[in-house]
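This report concerns only the one structure given below.
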Amino acid sequence: MALFSVFQTTFLLALLSLRTHQSEVLSEPLPWAPESLKVSINSTHQCLHLQWSVHNLAYHQELKMVFQIEISRIKTSNVIWVENYSTTVKGNQVLHWSWESKLPLECAKHFIRMRSAVDDATTPEQRFWSNWSSWEEVDVQNSLGHEPLFVFPKDKLVEEGSNVTICYVSRSQQNNISCYLEGVRMQGQQLDPNVSMFNLYDVAFIRETGTNIYCKVDRGDDIKGIVLFVSKILEEPKDFSCETRDFQTLSCTWDPGRDTGLLKQLPQSYTLFESFSGKKILCKHKSWCNWQVAPESQEMYNFTLTAENYLRKRSVHILFNLAHRVHPMAPFNVLFNDVSVTNATITWKVHSTGNYYTLLCQVELYGEGKVIQKHNVSVKVNGELVLSGLQPDTEYSAQVRCANANHFWKWSEWTRQNFTTVEAAPSEAPDIWRNVKSVQGYCVVTLFWKPLTRLQANGEILFYNIVVKDLDRPSGLQLLSVPAPANRTELTLDQRSYQIHVTANNSVGTSPASVLVVSGDPGDEEVEEERVKGTEGGFSLSWKPQLGNITGYVVEWCDRPRDPPCDLQWKHLGPNTTSTVISSDAFRPGVRYNFRIYGISTEMVPHLLEKKTGYSQELAPSDNPRVVMSNLTSHSFTLSWKDYSTESQPSFIRGYHVYLKSKAGQCHPGSEKAVLSDDSVCCKYKIDDPKQKTFVVGNLQPESFYEFLVTPYSAVGEGPHGAFTKVTTPDEYSPMLIRIILPMIFCILLIMILCYLKSQWMKEKCYPDIPDPYKSSVLSLIKSKENPRLTIMNIKDCVPDTIEVVNKHEGTGKSPTEPEAAKPTYLYLLPAEESYSGPGPCICFENFTYNQAASDSASCGHVPVPTKAPSQLGLLTSSENLLTALEKNCMNSLEEIPAGESSLNYVSQVASPMSGEKSSLPTNPPQPELCSEYKMQMAIPLGLAAPSSSGSSSLSSITLLDEGEHYH
């Protein structure tokens with residue numbers, strides 16, 4: 001242990017002695033230490049530039065040295081940067097070194113010092129560091145001025161993704177300063193009481209005008225700001241390539257990539273350098289540049305493209321042989337010669353590229369928008385190619401391009417030209433069909449045909465020729481020409497068999513003929529219709545094969561059956577085909593399509609084989625039937641919807657549902673309960689037969705309220721549940737009362753009608769009209785010149801036929817000795833015939849209106865007339881005398897009759913004679929002459945003639961005769 005301690009002490013002493021020796025050596029000044037250190041500032045780039053020199057070097061001496069540089073911030077002890085700078089130093093040479101500060105130099109003081117060491121193999125003894133130079137202080141704040149606030153750096157330019165340090169310098173005593181980046185406050189670090197810095201990491205490009213940063217004093221007006229310009233990173237050019245078209249100019253192109261975003265503040269340039277010739281040009285465009293080919297026929301070229309801006313530089317290289325970068329120009333003078341129905345010759349020319357180059361040209365032929373032929377042809381100056389296999393009257397397009405045949409680089413641009421082949425006669429017969437109807441003993445044939453395709457027509461179809469041949473009379477032919485583009489015509493034919501030929505014609509010739517025979521019987525056979533189910537792809541139809549001579553089948557249908565005319569469509573099929581799929585863009589869901597399948601015999605006569613009907617897609621019924629209610633009783637009613645058409649529905653109707661609502665909610669046998677969409681409960685009756693369109697709803701209660709609805713149903717659903725119809729059943733006894741009351745009302749109405757029709761007859765029988773004296777016809781016979789307006793009859797104006805005298809005793813009671821009845825006395829004026837005896841020529845009646853008091857006993861009758869009556873009144877030989885006498889007697893009689901004992905009776909000449917006592921009538925009375933009008937009429941007082949002395953009433957008749965006249 002002691003020996004070890006002695007050894008350790010000896011080693012430490014030796015080491016200490018060595019270090020002391022080294023310190024003494026280093027403390028000695030080296031002969032090549034840095035001197036004359038000067039520091040300058042570049043505020044724009046935030047750089048410190050150092051320059052110094054090394055003395056004691058010979059003029060021609062060169063020495064490799066290392067300079068260690070230290071930079072401190074704020075104080076010398078705060079070293080922030082140490083770097084060793086190696087270089088070769090010559091005598092009297094001024095050395096330079098720059099350092100870019102991340103923190104703006106205006107924000108803090110900086111101190112710089114350096115030392116050197118020899119790093120040269122020629123002087124191995126001088127490998128120790130020299131002494132540090134004195135600190136050089138750099139303080140930019142002294143030159144800022146006296147403003148209260150500064151923000152740095154100003155207008156700094158950086159790339160996207162860089163880190164940036166911002167700082168502010170305040171000359172104010174207030175330290176409450178806030179800084180913002182695009183309106184967002186930044187958190188910083190305080191360097192001293194008046195300086196703070198802010199670190200921005202991975203800055204992004206915001207806009208071309210830069211990013212705004214500003215600082216302001218809280219509760220103050222001092223605000224300062226800067227603009228930070230952020231550039232997108234300069235990209236390397238892409239797809240750099242050079243080529244020649246004429247061996248005189250090289251065209252170089254490239255993709256510059258995205259813009260830096262700061263083209264004004266940070267412009268970028270492109271330089272093209274060729275290393276073999278050593279030439280360099282500045283390109284005027286950012287995506288292409290032209291280079292003149294060397295006249296000494298340089299074959300190899302090595303280009304360097306450099307993209308550069310203030311912040312970055314990018315370069316790409318390319319090496320190529322000029323002969324391998326030939327891009328020929330487009331062919332020209334493309335022409336078509338010898339164009340026929342199926343052939344054409346195309347010729348073209350190319351630009352010369354020298355005698356040693358051959359071009360490969362490509363020819364493409366287009367028809368209907370697609371390439372149908374492609375050919376390759378080797379060309380030096382002129383090219384030629386024959387195009388064959390073309391269609392007549394068809395427009396084609398041909399295009400030509402060329403490339404270097406030896407070293408392919410690029411095709412030239414296409415040169416295109418159109419041409420049309422010559423027309424030819426149509427190659428196919430028209431596809432025809434017919435529709436036959438019988439109208440008033442004639443056959444109306446609507447003939448249809450489909451237009452030929454362009455390949456079939458071989459030109460423009462001008463018209464269609466139709467030849468109709470009567471098979472019963474071979475000599476009977478009809479020729480009809482229908483101009484294009486018509487596709488149908490109508491023929492009216494007798495009910496015989498006809499053969500129809502249809503051909504299409506263009507300017508060159510006629511197509512083959514299509515033949516169809518129309519039978520004399522246009523009616524199709526009765527064939528049962530079969531239902532088919534369609535899909536999205538169409539209708540799949542099949543039928544039974546027919547035995548015998550069948551040349552083919554035809555399927556017929558309508559694309560739009562709901563829009564007449566139906567747009568008839570058909571499809572011809574071969575004799576060995578028994579199924580097909582019918583598809584059309586016109587098929588719509590919910591529309592019923594009917595298909596007919598015909599067989600074509602060897603005589604070209606169509607025969608109906610089968611009928612198919614179906615929907616491409618069935619839909620629920622669209623509407624409900626209009627229901628009529630009848631036979632309403634207290635226990636039932638009948639529903640009918642006979643006008644409901646199932647053909648127009650969007651699906652096959654399978655039956656009907658009858659819904660019945662009632663307050664009781666009870667369902668009888670034959671129905672089931674159903675819950676509707678509105679959660680109401682009702683009874684549902686199901687009708688399975690779609691042809692049944694009547695239904696009797698029974699088992700109802702009298703005087704009850706019901707609601708019903710009839711809706712159809714199909715495989716995909718039922719009709720809409722619309723409004724229910726309301727009905728109330730009548731009382732149970734109401735029909736019985738109706739059966740009794742209705743006949744009574746009918747009888748009463750019948751009696752009223754009969755009474756109305758016989759009202760005149762009943763009036764004449766029961767209550768005849770009172771004659772109006774003012775309307776009497778006797779006034780028309782009076783021709784008075786003295787008073788032409790006479791309207792009231794006077795006695796002197798009338799010629800009486802009968803005078804009735806009625807004597808009425810005073811008092812209303814009858815004495816025991818009074819006769820049974822007072823008989824009226826009549827005075828007759830008879831015709832002036834001596835041999836005549838009997839009653840007057842006219843019939844009288846008694847008007848009770850003028851004789852109210854005597855109506856109970858008065859009567860009108862006839863009595864025998866004395867034969868000597870004319871002699872008894874012989875003094876009255878004229879009507880005037882008679883009237884005068886009557887007037888006098890009437891007045892005397894009236895004066896003699898007491899008041900109340902006499903009345904006036906009105907006697908008319910047209911009244912029927914009636915007798916109060918049949919025994920007083922003459923045995924053979926003369927027949928009265930029929931009077932057609934009232935002749936003369938008058939009113940006489942009762943009692944004008946006194947009764948006879950015998951006490952019984954008798955009739956006195958006086959016949960007046962005037963010469964030459966008869967009074968009727």
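Convention: chains lettered A, B, ... in structure tokens order; per-chain residue numbering from 1; ligands numbered from 1 as shown.
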According to DSSP computed on the backbone, where in stretch 554-784 of chain A is there strand (DSSP E or B)? Give the residues as a ChimeraX atom specification. /A:554-558,568-573,579-582,592-601,606-615,628-630,637-640,655-662,671-675,681-687,694-697,705-714,717-718,725-728
Take the residues just selected and output them with C-alpha atoms as a PDB file, in the first residue's frame.
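Output (selection30.pdb):
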ATOM      1  CA  VAL A 554     -94.086 -12.132 -87.236  1.00  0.00           C
ATOM      2  CA  VAL A 555     -94.561 -10.670 -83.753  1.00  0.00           C
ATOM      3  CA  GLU A 556     -96.694  -7.487 -83.720  1.00  0.00           C
ATOM      4  CA  TRP A 557     -97.157  -4.967 -80.899  1.00  0.00           C
ATOM      5  CA  CYS A 558     -97.640  -1.263 -80.159  1.00  0.00           C
ATOM      6  CA  LEU A 568     -97.257  -0.262 -84.741  1.00  0.00           C
ATOM      7  CA  GLN A 569     -94.073  -2.316 -84.404  1.00  0.00           C
ATOM      8  CA  TRP A 570     -93.238  -5.773 -85.709  1.00  0.00           C
ATOM      9  CA  LYS A 571     -90.393  -8.270 -85.830  1.00  0.00           C
ATOM     10  CA  HIS A 572     -89.763 -10.914 -88.515  1.00  0.00           C
ATOM     11  CA  LEU A 573     -88.392 -14.264 -87.365  1.00  0.00           C
ATOM     12  CA  SER A 579     -89.239 -17.810 -79.043  1.00  0.00           C
ATOM     13  CA  THR A 580     -87.904 -14.275 -78.920  1.00  0.00           C
ATOM     14  CA  VAL A 581     -87.352 -11.358 -76.555  1.00  0.00           C
ATOM     15  CA  ILE A 582     -89.137  -8.100 -77.399  1.00  0.00           C
ATOM     16  CA  ARG A 592    -100.456  -3.111 -70.834  1.00  0.00           C
ATOM     17  CA  TYR A 593     -98.863  -4.318 -74.044  1.00  0.00           C
ATOM     18  CA  ASN A 594    -100.595  -6.703 -76.437  1.00  0.00           C
ATOM     19  CA  PHE A 595     -98.598  -8.998 -78.698  1.00  0.00           C
ATOM     20  CA  ARG A 596     -99.866 -10.972 -81.690  1.00  0.00           C
ATOM     21  CA  ILE A 597     -97.903 -13.816 -83.244  1.00  0.00           C
ATOM     22  CA  TYR A 598     -98.546 -14.587 -86.923  1.00  0.00           C
ATOM     23  CA  GLY A 599     -97.347 -17.447 -89.045  1.00  0.00           C
ATOM     24  CA  ILE A 600     -96.435 -16.659 -92.682  1.00  0.00           C
ATOM     25  CA  SER A 601     -97.367 -19.388 -95.152  1.00  0.00           C
ATOM     26  CA  PRO A 606    -100.289 -14.197 -92.430  1.00  0.00           C
ATOM     27  CA  HIS A 607    -102.356 -16.291 -89.998  1.00  0.00           C
ATOM     28  CA  LEU A 608    -102.897 -15.306 -86.372  1.00  0.00           C
ATOM     29  CA  LEU A 609    -101.490 -18.010 -84.085  1.00  0.00           C
ATOM     30  CA  GLU A 610    -101.397 -16.652 -80.540  1.00  0.00           C
ATOM     31  CA  LYS A 611    -102.125 -13.551 -78.483  1.00  0.00           C
ATOM     32  CA  LYS A 612    -100.044 -12.406 -75.525  1.00  0.00           C
ATOM     33  CA  THR A 613    -100.627  -9.552 -73.110  1.00  0.00           C
ATOM     34  CA  GLY A 614     -98.633  -8.314 -70.167  1.00  0.00           C
ATOM     35  CA  TYR A 615     -96.885  -5.488 -68.328  1.00  0.00           C
ATOM     36  CA  VAL A 628    -123.761   3.121 -57.944  1.00  0.00           C
ATOM     37  CA  MET A 629    -125.965   2.098 -55.003  1.00  0.00           C
ATOM     38  CA  SER A 630    -129.450   0.717 -55.631  1.00  0.00           C
ATOM     39  CA  PHE A 637    -128.388  -2.558 -50.579  1.00  0.00           C
ATOM     40  CA  THR A 638    -126.787  -3.363 -53.939  1.00  0.00           C
ATOM     41  CA  LEU A 639    -123.522  -1.948 -55.276  1.00  0.00           C
ATOM     42  CA  SER A 640    -122.653  -1.947 -58.977  1.00  0.00           C
ATOM     43  CA  GLY A 655    -110.910  -9.025 -58.066  1.00  0.00           C
ATOM     44  CA  TYR A 656    -112.372  -6.421 -55.742  1.00  0.00           C
ATOM     45  CA  HIS A 657    -112.461  -5.641 -52.030  1.00  0.00           C
ATOM     46  CA  VAL A 658    -115.614  -4.179 -50.524  1.00  0.00           C
ATOM     47  CA  TYR A 659    -115.012  -2.375 -47.235  1.00  0.00           C
ATOM     48  CA  LEU A 660    -117.961  -1.703 -44.916  1.00  0.00           C
ATOM     49  CA  LYS A 661    -117.871   0.457 -41.800  1.00  0.00           C
ATOM     50  CA  SER A 662    -120.551   0.456 -39.133  1.00  0.00           C
ATOM     51  CA  SER A 671    -116.372 -11.015 -44.465  1.00  0.00           C
ATOM     52  CA  GLU A 672    -113.371 -10.451 -42.275  1.00  0.00           C
ATOM     53  CA  LYS A 673    -112.154  -7.616 -40.104  1.00  0.00           C
ATOM     54  CA  ALA A 674    -109.574  -5.288 -41.614  1.00  0.00           C
ATOM     55  CA  VAL A 675    -107.556  -2.419 -40.163  1.00  0.00           C
ATOM     56  CA  VAL A 681    -111.619  -1.096 -38.277  1.00  0.00           C
ATOM     57  CA  CYS A 682    -114.069  -2.283 -40.920  1.00  0.00           C
ATOM     58  CA  CYS A 683    -115.389  -5.425 -42.562  1.00  0.00           C
ATOM     59  CA  LYS A 684    -113.845  -6.572 -45.835  1.00  0.00           C
ATOM     60  CA  TYR A 685    -115.629  -8.636 -48.466  1.00  0.00           C
ATOM     61  CA  LYS A 686    -113.518 -10.247 -51.164  1.00  0.00           C
ATOM     62  CA  ILE A 687    -114.669 -10.756 -54.766  1.00  0.00           C
ATOM     63  CA  THR A 694    -122.204  -6.127 -58.623  1.00  0.00           C
ATOM     64  CA  PHE A 695    -122.373  -6.966 -54.931  1.00  0.00           C
ATOM     65  CA  VAL A 696    -125.228  -7.161 -52.442  1.00  0.00           C
ATOM     66  CA  VAL A 697    -124.379  -6.020 -48.927  1.00  0.00           C
ATOM     67  CA  PHE A 705    -125.486   4.359 -40.568  1.00  0.00           C
ATOM     68  CA  TYR A 706    -122.941   2.636 -42.814  1.00  0.00           C
ATOM     69  CA  GLU A 707    -119.955   3.599 -45.004  1.00  0.00           C
ATOM     70  CA  PHE A 708    -118.633   1.544 -47.917  1.00  0.00           C
ATOM     71  CA  LEU A 709    -115.719   1.568 -50.348  1.00  0.00           C
ATOM     72  CA  VAL A 710    -115.030  -0.631 -53.372  1.00  0.00           C
ATOM     73  CA  THR A 711    -111.435  -0.959 -54.542  1.00  0.00           C
ATOM     74  CA  PRO A 712    -109.784  -3.351 -57.037  1.00  0.00           C
ATOM     75  CA  TYR A 713    -106.776  -5.480 -56.178  1.00  0.00           C
ATOM     76  CA  SER A 714    -104.012  -7.069 -58.228  1.00  0.00           C
ATOM     77  CA  GLY A 717    -101.545  -4.230 -54.371  1.00  0.00           C
ATOM     78  CA  GLU A 718    -104.982  -2.673 -54.306  1.00  0.00           C
ATOM     79  CA  THR A 725    -119.574   6.659 -49.299  1.00  0.00           C
ATOM     80  CA  LYS A 726    -122.183   7.103 -46.560  1.00  0.00           C
ATOM     81  CA  VAL A 727    -125.592   5.427 -46.499  1.00  0.00           C
ATOM     82  CA  THR A 728    -128.364   5.054 -43.912  1.00  0.00           C
TER      83      THR A 728
END
Near stretch 102-115 of chain A, within 7 Å and counting only C-alpha atoms, which residues show up once chain neighbours fewer than 2 positions away are dropped, as a PDB file with N, CA, C and O atoms, in the first residue's frame?
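The resulting file, result_33.pdb, is reproduced below:
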ATOM      1  N   ALA A  33      -0.664  34.727 -35.749  1.00  0.00           N
ATOM      2  CA  ALA A  33      -1.961  34.959 -35.105  1.00  0.00           C
ATOM      3  C   ALA A  33      -2.787  35.941 -35.941  1.00  0.00           C
ATOM      4  O   ALA A  33      -2.221  36.784 -36.652  1.00  0.00           O
ATOM      5  N   PRO A  34      -4.153  35.843 -35.917  1.00  0.00           N
ATOM      6  CA  PRO A  34      -5.003  36.766 -36.670  1.00  0.00           C
ATOM      7  C   PRO A  34      -4.889  38.179 -36.119  1.00  0.00           C
ATOM      8  O   PRO A  34      -4.873  38.391 -34.910  1.00  0.00           O
ATOM      9  N   GLN A  46     -29.223  40.157 -42.543  1.00  0.00           N
ATOM     10  CA  GLN A  46     -28.944  39.833 -41.144  1.00  0.00           C
ATOM     11  C   GLN A  46     -27.642  39.021 -41.028  1.00  0.00           C
ATOM     12  O   GLN A  46     -27.582  37.964 -40.409  1.00  0.00           O
ATOM     13  N   PHE A  67      -8.983  28.759 -38.261  1.00  0.00           N
ATOM     14  CA  PHE A  67      -9.394  29.890 -37.439  1.00  0.00           C
ATOM     15  C   PHE A  67     -10.670  29.513 -36.687  1.00  0.00           C
ATOM     16  O   PHE A  67     -11.660  29.080 -37.292  1.00  0.00           O
ATOM     17  N   GLN A  68     -10.586  29.640 -35.362  1.00  0.00           N
ATOM     18  CA  GLN A  68     -11.755  29.345 -34.513  1.00  0.00           C
ATOM     19  C   GLN A  68     -12.414  30.666 -34.154  1.00  0.00           C
ATOM     20  O   GLN A  68     -11.783  31.563 -33.602  1.00  0.00           O
ATOM     21  N   ILE A  69     -13.732  30.749 -34.447  1.00  0.00           N
ATOM     22  CA  ILE A  69     -14.478  31.995 -34.271  1.00  0.00           C
ATOM     23  C   ILE A  69     -15.539  31.768 -33.214  1.00  0.00           C
ATOM     24  O   ILE A  69     -16.305  30.788 -33.281  1.00  0.00           O
ATOM     25  N   GLU A  70     -15.650  32.668 -32.256  1.00  0.00           N
ATOM     26  CA  GLU A  70     -16.674  32.625 -31.222  1.00  0.00           C
ATOM     27  C   GLU A  70     -17.534  33.874 -31.321  1.00  0.00           C
ATOM     28  O   GLU A  70     -17.031  34.991 -31.509  1.00  0.00           O
ATOM     29  N   ILE A  71     -18.853  33.662 -31.186  1.00  0.00           N
ATOM     30  CA  ILE A  71     -19.811  34.774 -31.214  1.00  0.00           C
ATOM     31  C   ILE A  71     -20.652  34.673 -29.946  1.00  0.00           C
ATOM     32  O   ILE A  71     -21.233  33.614 -29.645  1.00  0.00           O
ATOM     33  N   SER A  72     -20.717  35.806 -29.215  1.00  0.00           N
ATOM     34  CA  SER A  72     -21.538  35.875 -28.010  1.00  0.00           C
ATOM     35  C   SER A  72     -22.633  36.901 -28.223  1.00  0.00           C
ATOM     36  O   SER A  72     -22.510  37.826 -29.051  1.00  0.00           O
ATOM     37  N   ARG A  73     -23.711  36.744 -27.467  1.00  0.00           N
ATOM     38  CA  ARG A  73     -24.875  37.644 -27.592  1.00  0.00           C
ATOM     39  C   ARG A  73     -25.163  38.256 -26.241  1.00  0.00           C
ATOM     40  O   ARG A  73     -25.133  37.566 -25.214  1.00  0.00           O
ATOM     41  N   ILE A  74     -25.443  39.515 -26.235  1.00  0.00           N
ATOM     42  CA  ILE A  74     -25.788  40.314 -25.060  1.00  0.00           C
ATOM     43  C   ILE A  74     -24.567  40.528 -24.168  1.00  0.00           C
ATOM     44  O   ILE A  74     -24.230  41.652 -23.806  1.00  0.00           O
ATOM     45  N   THR A  76     -20.365  38.751 -23.193  1.00  0.00           N
ATOM     46  CA  THR A  76     -19.304  37.913 -23.763  1.00  0.00           C
ATOM     47  C   THR A  76     -19.356  36.490 -23.263  1.00  0.00           C
ATOM     48  O   THR A  76     -18.918  35.550 -23.950  1.00  0.00           O
ATOM     49  N   GLU A 100     -24.683  34.358 -40.675  1.00  0.00           N
ATOM     50  CA  GLU A 100     -26.092  34.811 -40.719  1.00  0.00           C
ATOM     51  C   GLU A 100     -26.735  34.538 -39.377  1.00  0.00           C
ATOM     52  O   GLU A 100     -26.752  33.398 -38.890  1.00  0.00           O
ATOM     53  N   TRP A 129      -3.134  26.429 -30.533  1.00  0.00           N
ATOM     54  CA  TRP A 129      -3.946  27.619 -30.779  1.00  0.00           C
ATOM     55  C   TRP A 129      -3.220  28.853 -30.319  1.00  0.00           C
ATOM     56  O   TRP A 129      -2.523  28.860 -29.309  1.00  0.00           O
ATOM     57  N   SER A 130      -3.419  29.924 -31.089  1.00  0.00           N
ATOM     58  CA  SER A 130      -2.861  31.210 -30.681  1.00  0.00           C
ATOM     59  C   SER A 130      -3.769  31.814 -29.618  1.00  0.00           C
ATOM     60  O   SER A 130      -4.829  31.271 -29.281  1.00  0.00           O
ATOM     61  N   ASN A 131      -3.373  32.941 -29.124  1.00  0.00           N
ATOM     62  CA  ASN A 131      -4.210  33.634 -28.154  1.00  0.00           C
ATOM     63  C   ASN A 131      -5.451  34.201 -28.856  1.00  0.00           C
ATOM     64  O   ASN A 131      -5.459  34.495 -30.048  1.00  0.00           O
ATOM     65  N   TRP A 132      -6.563  34.330 -28.062  1.00  0.00           N
ATOM     66  CA  TRP A 132      -7.792  34.948 -28.589  1.00  0.00           C
ATOM     67  C   TRP A 132      -7.551  36.418 -28.868  1.00  0.00           C
ATOM     68  O   TRP A 132      -6.844  37.107 -28.142  1.00  0.00           O
ATOM     69  N   SER A 133      -8.180  36.829 -29.920  1.00  0.00           N
ATOM     70  CA  SER A 133      -8.151  38.257 -30.193  1.00  0.00           C
ATOM     71  C   SER A 133      -9.100  38.952 -29.229  1.00  0.00           C
ATOM     72  O   SER A 133      -9.921  38.313 -28.552  1.00  0.00           O
ATOM     73  N   SER A 134      -9.026  40.220 -29.149  1.00  0.00           N
ATOM     74  CA  SER A 134      -9.937  40.952 -28.279  1.00  0.00           C
ATOM     75  C   SER A 134     -11.373  40.900 -28.850  1.00  0.00           C
ATOM     76  O   SER A 134     -11.585  40.727 -30.054  1.00  0.00           O
ATOM     77  N   TRP A 135     -12.358  41.030 -27.940  1.00  0.00           N
ATOM     78  CA  TRP A 135     -13.781  40.984 -28.366  1.00  0.00           C
ATOM     79  C   TRP A 135     -14.125  42.233 -29.173  1.00  0.00           C
ATOM     80  O   TRP A 135     -13.845  43.344 -28.766  1.00  0.00           O
ATOM     81  N   GLU A 136     -14.744  41.948 -30.323  1.00  0.00           N
ATOM     82  CA  GLU A 136     -15.272  43.039 -31.135  1.00  0.00           C
ATOM     83  C   GLU A 136     -16.777  43.156 -30.878  1.00  0.00           C
ATOM     84  O   GLU A 136     -17.533  42.192 -31.050  1.00  0.00           O
ATOM     85  N   GLU A 137     -17.221  44.307 -30.449  1.00  0.00           N
ATOM     86  CA  GLU A 137     -18.630  44.503 -30.105  1.00  0.00           C
ATOM     87  C   GLU A 137     -19.380  45.074 -31.310  1.00  0.00           C
ATOM     88  O   GLU A 137     -18.912  45.998 -31.969  1.00  0.00           O
ATOM     89  N   VAL A 138     -20.573  44.513 -31.520  1.00  0.00           N
ATOM     90  CA  VAL A 138     -21.468  44.987 -32.596  1.00  0.00           C
ATOM     91  C   VAL A 138     -22.790  45.346 -31.943  1.00  0.00           C
ATOM     92  O   VAL A 138     -23.509  44.474 -31.420  1.00  0.00           O
ATOM     93  N   ASP A 139     -23.177  46.612 -31.977  1.00  0.00           N
ATOM     94  CA  ASP A 139     -24.440  47.070 -31.373  1.00  0.00           C
ATOM     95  C   ASP A 139     -25.151  47.944 -32.400  1.00  0.00           C
ATOM     96  O   ASP A 139     -24.766  49.085 -32.638  1.00  0.00           O
ATOM     97  N   VAL A 140     -26.241  47.390 -32.982  1.00  0.00           N
ATOM     98  CA  VAL A 140     -26.991  48.101 -34.023  1.00  0.00           C
ATOM     99  C   VAL A 140     -28.036  49.002 -33.401  1.00  0.00           C
ATOM    100  O   VAL A 140     -28.516  49.948 -34.030  1.00  0.00           O
ATOM    101  N   GLN A 141     -28.420  48.739 -32.156  1.00  0.00           N
ATOM    102  CA  GLN A 141     -29.472  49.514 -31.519  1.00  0.00           C
ATOM    103  C   GLN A 141     -29.123  50.995 -31.407  1.00  0.00           C
ATOM    104  O   GLN A 141     -29.997  51.854 -31.342  1.00  0.00           O
ATOM    105  N   PHE A 152     -38.420  43.759 -35.797  1.00  0.00           N
ATOM    106  CA  PHE A 152     -37.456  43.239 -36.754  1.00  0.00           C
ATOM    107  C   PHE A 152     -37.700  41.739 -36.954  1.00  0.00           C
ATOM    108  O   PHE A 152     -38.243  41.061 -36.064  1.00  0.00           O
ATOM    109  N   PRO A 153     -37.253  41.188 -38.134  1.00  0.00           N
ATOM    110  CA  PRO A 153     -36.582  41.833 -39.268  1.00  0.00           C
ATOM    111  C   PRO A 153     -37.606  42.462 -40.220  1.00  0.00           C
ATOM    112  O   PRO A 153     -38.760  42.055 -40.255  1.00  0.00           O
ATOM    113  N   THR A 165     -37.246  33.936 -36.498  1.00  0.00           N
ATOM    114  CA  THR A 165     -37.259  34.574 -35.172  1.00  0.00           C
ATOM    115  C   THR A 165     -37.602  36.047 -35.359  1.00  0.00           C
ATOM    116  O   THR A 165     -36.964  36.757 -36.156  1.00  0.00           O
ATOM    117  N   CYS A 167     -38.424  39.810 -33.294  1.00  0.00           N
ATOM    118  CA  CYS A 167     -38.196  40.496 -32.034  1.00  0.00           C
ATOM    119  C   CYS A 167     -38.684  41.934 -32.112  1.00  0.00           C
ATOM    120  O   CYS A 167     -38.911  42.459 -33.201  1.00  0.00           O
ATOM    121  N   TYR A 168     -38.921  42.505 -30.961  1.00  0.00           N
ATOM    122  CA  TYR A 168     -39.252  43.923 -30.917  1.00  0.00           C
ATOM    123  C   TYR A 168     -38.308  44.600 -29.941  1.00  0.00           C
ATOM    124  O   TYR A 168     -37.815  43.987 -28.979  1.00  0.00           O
ATOM    125  N   VAL A 169     -38.028  45.907 -30.169  1.00  0.00           N
ATOM    126  CA  VAL A 169     -37.186  46.730 -29.294  1.00  0.00           C
ATOM    127  C   VAL A 169     -38.030  47.912 -28.860  1.00  0.00           C
ATOM    128  O   VAL A 169     -38.569  48.647 -29.704  1.00  0.00           O
ATOM    129  N   VAL A 195     -36.382  44.137 -24.779  1.00  0.00           N
ATOM    130  CA  VAL A 195     -36.325  43.306 -25.984  1.00  0.00           C
ATOM    131  C   VAL A 195     -36.963  41.957 -25.691  1.00  0.00           C
ATOM    132  O   VAL A 195     -36.677  41.346 -24.645  1.00  0.00           O
TER     133      VAL A 195
END
Counting only C-alpha atoms, what is within 6 Å of A:Ser511, bar same-chain residues fewer than 5 positions away, as a compact mmCIF listing (two decimals) with N, CA, C and O atoms, in the first residue's frame?
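Contents of out_17.txt, as written:
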# COMPACT_ATOMS: atom_id res chain seq x y z
N PRO A 426 -80.24 0.15 -103.88
CA PRO A 426 -80.45 -0.46 -102.55
C PRO A 426 -80.23 -1.96 -102.60
O PRO A 426 -80.64 -2.65 -103.54
N SER A 427 -79.61 -2.47 -101.56
CA SER A 427 -79.24 -3.89 -101.54
C SER A 427 -80.23 -4.77 -100.81
O SER A 427 -80.20 -5.99 -100.96
N GLU A 428 -81.11 -4.22 -100.04
CA GLU A 428 -82.05 -5.00 -99.24
C GLU A 428 -83.48 -4.56 -99.54
O GLU A 428 -83.74 -3.39 -99.85
N ALA A 429 -84.41 -5.52 -99.42
CA ALA A 429 -85.84 -5.22 -99.58
C ALA A 429 -86.37 -4.58 -98.30
O ALA A 429 -85.90 -4.90 -97.20
N THR A 503 -91.05 -1.82 -103.07
CA THR A 503 -89.63 -1.63 -103.36
C THR A 503 -89.22 -0.22 -102.98
O THR A 503 -90.04 0.71 -103.01
N ALA A 504 -87.91 -0.06 -102.64
CA ALA A 504 -87.33 1.25 -102.33
C ALA A 504 -86.45 1.68 -103.49
O ALA A 504 -85.72 0.86 -104.08
What is the atom CA of A:His55 to atom CA of A:Leu37 distance in Å? 12.0 Å
Quick one: residues within 10 Å of A:Pro589, only C-alpha atoms, excluding same-chain residues fewer than 2 positions away - as a count of residues only? 13
Surrounding residues of A:Thr253 excluding itself and chain neighbours under 6 positions, 12 Å, only C-alpha atoms, as a ChimeraX atom specification: /A:237-244,270,272,283,285-291,303,305,318
